[in-house]
file entry.csv (CSV, C-alpha atoms)
chain,number,residue,atom,x,y,z
V,1,MET,CA,-10.0,18.2,9.4
V,2,PRO,CA,-8.6,19.4,12.8
V,3,ALA,CA,-5.3,21.3,12.8
V,4,GLY,CA,-2.1,19.4,12.9
V,5,LEU,CA,-0.3,17.0,10.6
V,6,THR,CA,-2.2,14.2,8.8
V,7,TYR,CA,1.0,12.6,7.6
V,8,GLU,CA,3.9,13.0,10.0
V,9,PRO,CA,7.2,11.4,10.9
V,10,ILE,CA,7.2,9.2,13.9
V,11,ALA,CA,10.9,8.2,14.2
V,12,THR,CA,14.0,7.7,12.1
V,13,THR,CA,17.0,5.4,12.8
V,14,THR,CA,20.2,5.8,10.9
V,15,VAL,CA,22.7,3.0,11.1
V,16,ALA,CA,25.9,4.3,12.5
V,17,GLY,CA,28.3,1.3,12.8
V,18,SER,CA,29.1,-1.6,10.6
V,19,SER,CA,27.7,-4.4,12.7
V,20,THR,CA,24.0,-3.5,13.0
V,21,ALA,CA,21.7,-6.3,12.0
V,22,SER,CA,18.4,-5.1,13.7
V,23,VAL,CA,16.5,-1.8,14.1
V,24,SER,CA,13.5,-1.7,16.3
V,25,PHE,CA,10.7,0.8,16.8
V,26,THR,CA,8.7,0.3,20.0
V,27,GLY,CA,5.9,2.1,21.8
V,28,ILE,CA,4.2,3.0,18.5
V,29,SER,CA,1.2,5.1,19.2
V,30,GLY,CA,-2.2,3.8,18.1
V,31,SER,CA,-3.4,7.3,17.3
V,32,TYR,CA,-2.8,7.0,13.5
V,33,THR,CA,-4.7,5.1,10.9
V,34,ASP,CA,-1.9,3.8,8.7
V,35,ILE,CA,1.9,3.4,9.2
V,36,VAL,CA,4.2,4.0,6.2
V,37,PHE,CA,7.8,2.9,6.5
V,38,VAL,CA,10.7,4.0,4.3
V,39,CYS,CA,14.0,2.1,4.2
V,40,ASP,CA,17.1,3.0,2.3
V,41,ILE,CA,19.6,0.3,2.9
V,42,ASP,CA,23.0,-1.1,2.0
V,43,GLY,CA,24.1,-4.5,3.2
V,44,SER,CA,27.5,-6.0,3.9
V,45,THR,CA,26.5,-9.0,1.9
V,46,ASP,CA,23.5,-9.7,-0.3
V,47,ASP,CA,21.2,-10.6,2.5
V,48,SER,CA,17.4,-10.3,2.9
V,49,THR,CA,16.1,-7.4,5.0
V,50,ARG,CA,13.0,-8.5,6.9
V,51,ILE,CA,10.2,-7.2,9.1
V,52,ARG,CA,8.2,-8.5,12.0
V,53,PHE,CA,5.8,-7.1,14.6
V,54,ASN,CA,5.4,-7.0,18.3
V,55,SER,CA,8.4,-9.3,18.8
V,56,ASP,CA,6.5,-12.1,17.2
V,57,SER,CA,9.2,-14.5,15.8
V,58,ALA,CA,6.8,-17.4,15.4
V,59,THR,CA,5.7,-18.7,12.0
V,60,ASN,CA,2.7,-16.3,11.9
V,61,TYR,CA,3.6,-14.6,8.6
V,62,SER,CA,3.2,-15.2,4.9
V,63,GLN,CA,3.7,-13.2,1.7
V,64,THR,CA,3.0,-13.1,-2.0
V,65,ASN,CA,5.6,-11.5,-4.3
V,66,LEU,CA,5.8,-10.0,-7.8
V,67,ARG,CA,9.2,-9.2,-9.1
V,68,GLY,CA,11.1,-8.4,-12.3
V,69,ASP,CA,14.9,-8.7,-12.6
V,70,GLY,CA,15.4,-7.2,-16.1
V,71,SER,CA,14.8,-10.5,-17.9
V,72,THR,CA,12.1,-12.4,-16.1
V,73,ALA,CA,8.9,-11.5,-14.4
V,74,GLU,CA,7.9,-13.9,-11.7
V,75,SER,CA,5.6,-14.4,-8.7
V,76,THR,CA,6.4,-16.4,-5.6
V,77,ARG,CA,4.8,-17.2,-2.3
V,78,SER,CA,6.0,-18.1,1.2
V,79,SER,CA,3.6,-19.4,3.8
V,80,SER,CA,3.8,-19.9,7.6
V,81,ILE,CA,7.1,-18.1,7.9
V,82,ALA,CA,8.8,-16.3,10.8
V,83,GLN,CA,9.0,-12.8,9.1
V,84,ILE,CA,8.1,-10.9,6.0
V,85,SER,CA,10.9,-10.3,3.5
V,86,LEU,CA,11.3,-6.7,2.2
V,87,GLY,CA,14.2,-7.0,-0.2
V,88,VAL,CA,17.8,-7.9,-0.5
V,89,ALA,CA,20.2,-5.4,1.1
V,90,ASP,CA,22.6,-5.5,-1.7
V,91,SER,CA,26.3,-5.0,-1.0
V,92,THR,CA,26.9,-2.9,-4.1
V,93,ASN,CA,23.8,-0.9,-4.6
V,94,GLN,CA,21.3,0.8,-2.3
V,95,THR,CA,17.9,-0.8,-2.0
V,96,ASN,CA,14.9,1.3,-1.1
V,97,VAL,CA,11.7,0.0,0.3
V,98,ILE,CA,8.4,1.9,0.9
V,99,GLY,CA,5.7,0.0,2.7
V,100,SER,CA,2.3,0.7,4.1
V,101,ILE,CA,0.5,-1.0,7.0
V,102,ASN,CA,-3.2,0.1,6.7
V,103,ASN,CA,-5.3,0.1,9.9
V,104,TYR,CA,-2.3,-1.1,11.9
V,105,SER,CA,-3.8,-0.4,15.3
V,106,ASN,CA,-7.2,-2.1,15.0
V,107,SER,CA,-7.8,-5.2,17.1
V,108,THR,CA,-10.2,-6.9,14.7
V,109,THR,CA,-8.3,-7.7,11.5
V,110,TYR,CA,-5.0,-9.5,10.7
V,111,LYS,CA,-2.4,-7.0,9.6
V,112,THR,CA,-1.4,-6.7,6.0
V,113,VAL,CA,1.8,-5.1,4.7
V,114,LEU,CA,2.0,-3.7,1.2
V,115,LEU,CA,5.3,-2.6,-0.2
V,116,ARG,CA,7.5,-1.7,-3.2
V,117,ALA,CA,11.1,-2.7,-3.2
V,118,ASN,CA,13.6,-1.3,-5.6
V,119,ASN,CA,17.3,-2.2,-6.3
V,120,PRO,CA,17.9,-0.4,-9.5
V,121,ALA,CA,20.8,-2.7,-10.5
V,122,GLU,CA,18.9,-5.9,-9.9
V,123,VAL,CA,15.2,-6.0,-9.2
V,124,VAL,CA,11.9,-4.2,-8.9
V,125,ALA,CA,9.3,-5.8,-6.7
V,126,ALA,CA,5.9,-5.5,-5.1
V,127,ARG,CA,5.0,-7.6,-2.1
V,128,VAL,CA,2.0,-8.2,0.1
V,129,GLY,CA,2.6,-9.8,3.5
V,130,LEU,CA,0.3,-11.0,6.3
V,131,TRP,CA,0.8,-11.1,10.0
V,132,ARG,CA,-1.8,-13.4,11.4
V,133,SER,CA,-2.6,-11.5,14.5
V,134,THR,CA,-5.4,-9.2,15.4
V,135,SER,CA,-3.2,-7.3,17.9
V,136,ALA,CA,-2.6,-3.7,17.3
V,137,ILE,CA,1.0,-3.1,16.1
V,138,THR,CA,3.0,-1.4,18.7
V,139,GLY,CA,6.5,-2.6,17.7
V,140,ILE,CA,8.2,-3.0,14.4
V,141,GLU,CA,11.6,-4.7,14.0
V,142,PHE,CA,13.6,-4.6,10.8
V,143,PHE,CA,16.4,-7.1,10.7
V,144,ILE,CA,18.8,-8.6,8.2
V,145,ALA,CA,19.4,-12.3,7.6
V,146,SER,CA,22.5,-13.7,9.3
V,147,PRO,CA,25.3,-13.2,8.8
V,148,GLY,CA,24.7,-9.9,7.2
V,149,ASN,CA,24.8,-6.4,8.6
V,150,TRP,CA,23.7,-3.0,7.2
V,151,VAL,CA,26.2,-0.5,6.1
V,152,ALA,CA,26.5,2.7,8.1
V,153,GLY,CA,24.1,5.3,6.7
V,154,SER,CA,21.3,2.9,6.1
V,155,THR,CA,18.1,4.5,7.2
V,156,PHE,CA,14.7,3.4,8.5
V,157,THR,CA,11.8,5.9,9.0
V,158,LEU,CA,8.3,5.5,10.2
V,159,TYR,CA,5.4,7.9,9.3
V,160,GLY,CA,1.9,8.0,10.7
V,161,ILE,CA,-1.1,8.9,8.5
V,162,LYS,CA,-4.3,10.0,10.3
V,163,ALA,CA,-7.7,9.8,8.6
V,164,ALA,CA,-10.5,12.1,9.5
S,165,MET,CA,21.9,15.5,0.4
S,166,SER,CA,21.3,12.6,2.7
S,167,PRO,CA,19.9,9.4,1.3
S,168,ILE,CA,16.7,9.8,3.4
S,169,THR,CA,16.1,13.3,2.0
S,170,GLU,CA,16.6,12.1,-1.6
S,171,LEU,CA,14.3,9.2,-0.9
S,172,ILE,CA,11.6,11.4,0.6
S,173,GLY,CA,12.0,13.8,-2.2
S,174,GLY,CA,11.5,11.0,-4.7
S,175,ALA,CA,8.7,9.5,-2.9
S,176,LYS,CA,6.9,12.8,-2.1
S,177,ALA,CA,5.5,13.1,-5.6
S,178,TYR,CA,3.6,9.9,-5.0
S,179,GLY,CA,2.3,10.8,-1.5
S,180,TRP,CA,4.5,8.3,0.3
S,181,GLY,CA,7.0,10.8,1.8
S,182,SER,CA,7.0,13.3,4.6
S,183,PHE,CA,5.0,16.6,4.6
S,184,ALA,CA,6.2,19.2,7.0
S,185,ALA,CA,3.5,21.9,6.4
S,186,VAL,CA,0.0,21.5,7.7
S,187,GLY,CA,-2.4,21.1,4.8
S,188,ASP,CA,0.0,19.5,2.3
S,189,PHE,CA,-1.5,16.1,2.9
S,190,GLU,CA,-5.0,16.3,4.3
S,191,SER,CA,-7.7,13.9,5.2
S,192,ILE,CA,-10.9,14.7,3.2
S,193,ALA,CA,-13.2,11.9,4.2
S,194,THR,CA,-13.3,8.4,5.6
S,195,VAL,CA,-15.9,5.6,5.1
S,196,SER,CA,-15.9,2.7,7.6
S,197,VAL,CA,-18.3,-0.1,6.7
S,198,GLY,CA,-20.7,-1.1,9.5
S,199,GLY,CA,-22.3,-4.3,10.4
S,200,GLY,CA,-24.8,-4.3,7.5
S,201,GLY,CA,-22.1,-4.1,4.8
S,202,ALA,CA,-22.0,-1.7,1.9
S,203,ALA,CA,-22.8,-2.3,-1.7
S,204,ASP,CA,-20.4,0.5,-2.7
S,205,VAL,CA,-18.3,3.3,-1.3
S,206,GLU,CA,-18.6,6.7,-2.9
S,207,PHE,CA,-16.8,9.9,-2.1
S,208,THR,CA,-18.8,12.9,-3.4
S,209,SER,CA,-18.4,16.7,-3.5
S,210,ILE,CA,-14.6,16.4,-3.7
S,211,PRO,CA,-13.1,19.9,-3.6
S,212,ALA,CA,-10.8,21.1,-6.3
S,213,THR,CA,-8.4,22.6,-3.9
S,214,PHE,CA,-5.8,19.9,-4.0
S,215,THR,CA,-3.4,18.7,-6.7
S,216,HIS,CA,-3.6,14.9,-6.2
S,217,LEU,CA,-5.9,12.5,-4.4
S,218,GLN,CA,-5.0,9.3,-2.6
S,219,ILE,CA,-7.3,6.6,-1.3
S,220,ARG,CA,-6.0,4.2,1.3
S,221,PHE,CA,-8.1,1.2,2.0
S,222,ILE,CA,-8.6,-2.1,3.8
S,223,ALA,CA,-11.4,-4.2,2.4
S,224,ARG,CA,-13.1,-7.6,2.4
S,225,SER,CA,-16.0,-8.7,0.1
S,226,ALA,CA,-19.0,-10.8,0.9
S,227,ARG,CA,-18.5,-12.7,-2.4
S,228,SER,CA,-19.5,-16.2,-1.6
S,229,GLY,CA,-17.4,-19.2,-2.7
S,230,PHE,CA,-14.3,-17.2,-3.4
S,231,ALA,CA,-11.2,-16.1,-1.4
S,232,ASP,CA,-10.8,-12.9,-3.3
S,233,ASP,CA,-12.6,-10.2,-5.2
S,234,PRO,CA,-11.4,-7.2,-7.2
S,235,ILE,CA,-12.4,-3.6,-6.6
S,236,ASP,CA,-13.4,-1.4,-9.5
S,237,MET,CA,-13.8,2.4,-9.8
S,238,GLN,CA,-16.0,4.8,-11.6
S,239,ILE,CA,-15.6,8.6,-11.6
S,240,ASN,CA,-18.2,11.3,-11.6
S,241,GLY,CA,-21.0,8.8,-12.0
S,242,ASP,CA,-19.8,8.0,-15.5
S,243,THR,CA,-20.9,4.5,-16.4
S,244,GLY,CA,-20.0,4.9,-20.1
S,245,ALA,CA,-17.2,3.2,-21.9
S,246,ASN,CA,-14.7,5.9,-21.1
S,247,TYR,CA,-12.1,4.0,-19.1
S,248,ALA,CA,-9.0,1.9,-19.9
S,249,THR,CA,-6.7,-0.1,-17.7
S,250,HIS,CA,-3.5,-2.2,-17.5
S,251,THR,CA,-2.8,-4.7,-14.8
S,252,LEU,CA,0.3,-6.6,-13.6
S,253,ASN,CA,-0.5,-9.4,-11.1
S,254,GLY,CA,1.4,-11.9,-9.1
S,255,ASP,CA,-0.6,-14.9,-7.7
S,256,GLY,CA,2.3,-16.6,-5.9
S,257,SER,CA,3.2,-18.8,-8.9
S,258,ILE,CA,3.1,-16.8,-12.0
S,259,ALA,CA,3.2,-13.1,-13.1
S,260,THR,CA,0.4,-12.1,-15.5
S,261,ALA,CA,-0.6,-9.0,-17.3
S,262,GLY,CA,-3.9,-7.7,-18.6
S,263,ALA,CA,-5.5,-4.7,-20.2
S,264,GLY,CA,-8.9,-3.3,-21.1
S,265,ALA,CA,-9.9,-0.4,-23.4
S,266,SER,CA,-13.2,1.4,-23.8
S,267,ILE,CA,-14.7,-0.2,-20.7
S,268,SER,CA,-17.1,1.2,-18.2
S,269,TYR,CA,-14.9,1.0,-15.1
S,270,PHE,CA,-11.3,0.3,-14.3
S,271,ARG,CA,-9.8,-2.1,-11.7
S,272,CYS,CA,-8.2,-0.4,-8.7
S,273,GLY,CA,-7.9,-2.9,-5.9
S,274,ARG,CA,-7.8,-6.4,-4.5
S,275,MET,CA,-9.6,-7.6,-1.4
S,276,THR,CA,-10.3,-10.9,0.3
S,277,ALA,CA,-13.7,-12.6,0.2
S,278,ALA,CA,-15.9,-15.1,2.0
S,279,THR,CA,-13.7,-18.2,1.9
S,280,ALA,CA,-10.5,-16.3,3.0
S,281,GLY,CA,-9.3,-16.6,6.6
S,282,ALA,CA,-11.9,-14.8,8.9
S,283,SER,CA,-9.7,-11.8,9.8
S,284,THR,CA,-7.9,-11.4,6.5
S,285,PHE,CA,-8.5,-8.2,4.5
S,286,GLY,CA,-7.0,-6.8,1.3
S,287,VAL,CA,-5.3,-3.4,1.3
S,288,GLY,CA,-4.3,-0.8,-1.3
S,289,VAL,CA,-3.1,2.7,-2.0
S,290,ILE,CA,-4.7,4.4,-5.0
S,291,ASP,CA,-3.3,7.7,-6.5
S,292,ILE,CA,-5.3,9.9,-8.7
S,293,LEU,CA,-3.0,12.5,-10.2
S,294,ASP,CA,-3.9,16.0,-11.2
S,295,TYR,CA,-7.5,15.2,-10.6
S,296,ALA,CA,-8.9,18.7,-11.0
S,297,ASN,CA,-6.8,19.7,-14.1
S,298,THR,CA,-9.2,20.3,-17.0
S,299,ASN,CA,-6.5,20.0,-19.6
S,300,LYS,CA,-5.8,16.3,-19.4
S,301,TYR,CA,-7.5,12.9,-18.8
S,302,ARG,CA,-7.3,11.3,-15.4
S,303,THR,CA,-4.6,8.8,-14.6
S,304,VAL,CA,-4.9,6.5,-11.7
S,305,ARG,CA,-2.4,4.1,-10.3
S,306,THR,CA,-2.7,1.5,-7.6
S,307,LEU,CA,-0.6,-0.8,-5.5
S,308,THR,CA,-2.8,-3.4,-3.9
S,309,GLY,CA,-2.8,-7.0,-2.6
S,310,GLU,CA,-4.1,-9.6,-0.2
S,311,ASP,CA,-2.3,-12.6,1.3
S,312,ASN,CA,-4.1,-15.5,2.9
S,313,ASN,CA,-1.2,-17.7,4.0
S,314,GLY,CA,-1.3,-20.1,1.1
S,315,ASP,CA,-3.0,-17.9,-1.5
S,316,GLY,CA,-3.2,-14.3,-2.4
S,317,LEU,CA,-2.5,-11.7,-5.1
S,318,VAL,CA,-0.3,-8.6,-5.4
S,319,SER,CA,-1.2,-6.2,-8.2
S,320,LEU,CA,-0.2,-3.0,-9.9
S,321,PHE,CA,-2.9,-1.3,-11.7
S,322,SER,CA,-3.0,1.8,-14.0
S,323,GLY,CA,-6.3,3.3,-15.0
S,324,LEU,CA,-7.3,6.0,-17.5
S,325,TYR,CA,-10.5,8.0,-17.3
S,326,GLN,CA,-11.0,9.7,-20.7
S,327,SER,CA,-12.5,12.9,-19.5
S,328,THR,CA,-11.0,16.3,-18.8
S,329,THR,CA,-13.7,17.1,-16.3
S,330,ALA,CA,-12.4,17.6,-12.8
S,331,VAL,CA,-13.0,14.6,-10.5
S,332,THR,CA,-15.8,15.5,-8.0
S,333,SER,CA,-16.9,12.0,-7.1
S,334,ILE,CA,-15.3,8.5,-6.9
S,335,LYS,CA,-17.3,5.3,-6.5
S,336,LEU,CA,-15.7,2.0,-5.5
S,337,PHE,CA,-17.4,-1.4,-5.8
S,338,SER,CA,-17.0,-5.1,-6.2
S,339,GLY,CA,-15.7,-6.1,-9.6
S,340,THR,CA,-17.7,-9.3,-9.7
S,341,GLY,CA,-21.2,-8.2,-9.2
S,342,ALA,CA,-23.4,-7.2,-6.3
S,343,ASN,CA,-21.1,-8.2,-3.5
S,344,ASN,CA,-21.0,-6.0,-0.5
S,345,PHE,CA,-17.9,-4.7,1.3
S,346,VAL,CA,-18.2,-6.3,4.7
S,347,GLN,CA,-17.9,-4.7,8.2
S,348,TYR,CA,-14.5,-3.3,9.1
S,349,SER,CA,-13.7,-2.4,5.5
S,350,ALA,CA,-12.5,1.2,5.5
S,351,PHE,CA,-11.7,3.7,2.8
S,352,ALA,CA,-9.9,7.0,3.5
S,353,LEU,CA,-9.6,9.8,0.9
S,354,TYR,CA,-6.7,12.3,1.2
S,355,GLY,CA,-5.8,15.4,-0.7
S,356,ILE,CA,-2.3,16.4,-1.6
S,357,ARG,CA,-1.3,19.9,-2.4
S,358,SER,CA,1.7,21.0,-4.4
S,359,ALA,CA,3.8,24.1,-3.6

call {"tool": "encode", "arguments": {"input": "entry.csv", "output": "structure tokens"}}
result
Amino acid sequence: MPAGLTYEPIATTTVAGSSTASVSFTGISGSYTDIVFVCDIDGSTDDSTRIRFNSDSATNYSQTNLRGDGSTAESTRSSSIAQISLGVADSTNQTNVIGSINNYSNSTTYKTVLLRANNPAEVVAARVGLWRSTSAITGIEFFIASPGNWVAGSTFTLYGIKAA
Amino acid sequence: MSPITELIGGAKAYGWGSFAAVGDFESIATVSVGGGGAADVEFTSIPATFTHLQIRFIARSARSGFADDPIDMQINGDTGANYATHTLNGDGSIATAGAGASISYFRCGRMTAATAGASTFGVGVIDILDYANTNKYRTVRTLTGEDNNGDGLVSLFSGLYQSTTAVTSIKLFSGTGANNFVQYSAFALYGIRSA
């Protein structure tokens, strides 16, 4: 393995104000194998934090979910939707999300997102999401469903993992 | 301590955080399946110089007539009934659980198969903890899934290999028989060092 980091930070955004509803990472290098994103978020209201790629807001996404809320375990699905939901940015508790986009920069396969979402007061969830595009991912947008905003201090970090 | 530092600190033990020093998280080997497909993927001669291993994959099966296929694992060429597993699955409508004991493999992944959309692959992250410690059995955990815009599966797996022998080889294969991994499937093995 050549010298240098195999797993390295790409960028971090920390929400500073009280009216931020979107965080974007653009110009993502294709030099990694996988992207990992880590979100630690508080919302002004209980609204869904979502992700989409390369500014594609068309209904090219879908997802399958597995969640437990302390009394019920359930699985749900959404098809042909305009984004992938990560989790609810709870107004009373921090929610953290750790997700992986394996082989994000290849131009052959659709892009699949795999993530865990945790709101310790409400829910634990695992989700798999699909973006039906073979384009390499060069931009990632996190956004919160209207009319919510993230609370200042919410953070979004991208990491790149490089295989041999 | 900032929230991001706490989060990275908590996630770091699972290999999902940030590693500042060169060599903490290293790529050991990568297998990319070519045009002829592959009956299995095997990592061999794994060095004992790390603390944990992680496999990150994207995979699709040639299993005909089905949209999905599981991935199974065997360690050190052991085909005996020395494995156990627990599974938690979501298929988009119900959550189900499963288990197996004294079996000859354990389940460690989900992938799409022949009737899934042409460019759709399953993905997963597999952690093998303390893989070289000769004082304990091997514990493996996986987060994996595949979505096909109308069907799919997301799963959490835990696996036990009842041997204290250090892991030196890992074999991954279709869980439903002699079904190849197809072209563009890729499996990357990483080693994680502790302080």

call {"tool": "residues_around", "arguments": {"input": "entry.csv", "residues": "stretch 39-49 of chain V", "least_positions_apart": "4", "cutoff": "6 Å", "atoms": "all atoms listed in the file", "output": "list in words"}}
result
Leu86, Gly87, Val88, Ala89, Asp90, Ser91, Gln94, Thr95, Asn96, Val97, Phe143, Ile144, Ala145, Gly148, Asn149, Trp150, Val151, Ser154, Thr155 and Phe156 of chain V

call {"tool": "interface_residues", "arguments": {"input": "entry.csv", "of": "chain S", "to": "chain V", "cutoff": "8 Å", "atoms": "all atoms listed in the file", "output": "compact mmCIF listing (two decimals) with C-alpha atoms, in the coordinates of the input"}}
result
# COMPACT_ATOMS: atom_id res chain seq x y z
CA PRO S 167 19.90 9.40 1.30
CA ILE S 168 16.70 9.80 3.40
CA LEU S 171 14.30 9.20 -0.90
CA TRP S 180 4.50 8.30 0.30
CA SER S 182 7.00 13.30 4.60
CA PHE S 183 5.00 16.60 4.60
CA ALA S 184 6.20 19.20 7.00
CA ALA S 185 3.50 21.90 6.40
CA VAL S 186 0.00 21.50 7.70
CA GLY S 187 -2.40 21.10 4.80
CA PHE S 189 -1.50 16.10 2.90
CA GLU S 190 -5.00 16.30 4.30
CA SER S 191 -7.70 13.90 5.20
CA ILE S 192 -10.90 14.70 3.20
CA ALA S 193 -13.20 11.90 4.20
CA THR S 194 -13.30 8.40 5.60
CA ARG S 220 -6.00 4.20 1.30
CA PHE S 221 -8.10 1.20 2.00
CA ILE S 222 -8.60 -2.10 3.80
CA ASN S 253 -0.50 -9.40 -11.10
CA GLY S 254 1.40 -11.90 -9.10
CA ASP S 255 -0.60 -14.90 -7.70
CA GLY S 256 2.30 -16.60 -5.90
CA SER S 257 3.20 -18.80 -8.90
CA ILE S 258 3.10 -16.80 -12.00
CA ALA S 259 3.20 -13.10 -13.10
CA SER S 283 -9.70 -11.80 9.80
CA THR S 284 -7.90 -11.40 6.50
CA PHE S 285 -8.50 -8.20 4.50
CA GLY S 286 -7.00 -6.80 1.30
CA VAL S 287 -5.30 -3.40 1.30
CA GLY S 288 -4.30 -0.80 -1.30
CA LEU S 307 -0.60 -0.80 -5.50
CA THR S 308 -2.80 -3.40 -3.90
CA GLY S 309 -2.80 -7.00 -2.60
CA GLU S 310 -4.10 -9.60 -0.20
CA ASP S 311 -2.30 -12.60 1.30
CA ASN S 312 -4.10 -15.50 2.90
CA ASN S 313 -1.20 -17.70 4.00
CA GLY S 314 -1.30 -20.10 1.10
CA ASP S 315 -3.00 -17.90 -1.50
CA GLY S 316 -3.20 -14.30 -2.40
CA LEU S 317 -2.50 -11.70 -5.10
CA VAL S 318 -0.30 -8.60 -5.40
CA SER S 319 -1.20 -6.20 -8.20
CA TYR S 348 -14.50 -3.30 9.10
CA ALA S 352 -9.90 7.00 3.50
CA LEU S 353 -9.60 9.80 0.90
CA TYR S 354 -6.70 12.30 1.20

call {"tool": "residues_around", "arguments": {"input": "entry.csv", "residues": "V:Gly139", "least_positions_apart": "6", "cutoff": "8 Å", "atoms": "all atoms listed in the file", "output": "PyMOL selection string"}}
result
chain V and resi 24-28+53-55

call {"tool": "residues_near_point", "arguments": {"input": "entry.csv", "point": "(-7.9, 12.6, -9.9)", "cutoff": "6 Å", "atoms": "all atoms listed in the file", "output": "ChimeraX atom specification"}}
result
/S:217,292-295,302,331

call {"tool": "closest_residue", "arguments": {"input": "entry.csv", "among": "S:Thr251, S:Ser225, S:Thr213, S:Asn246", "to": "S:Arg271", "atoms": "all atoms listed in the file"}}
result
S:Thr251

call {"tool": "atom_distance", "arguments": {"input": "entry.csv", "atom1": "atom CA of V:Gln83", "atom2": "atom CA of V:Glu141"}}
result
9.8 Å

call {"tool": "closest_residue", "arguments": {"input": "entry.csv", "among": "V:Ser19, V:Ser71, V:Asn93, V:Ser105", "to": "V:Asn119", "atoms": "all atoms listed in the file"}}
result
V:Asn93
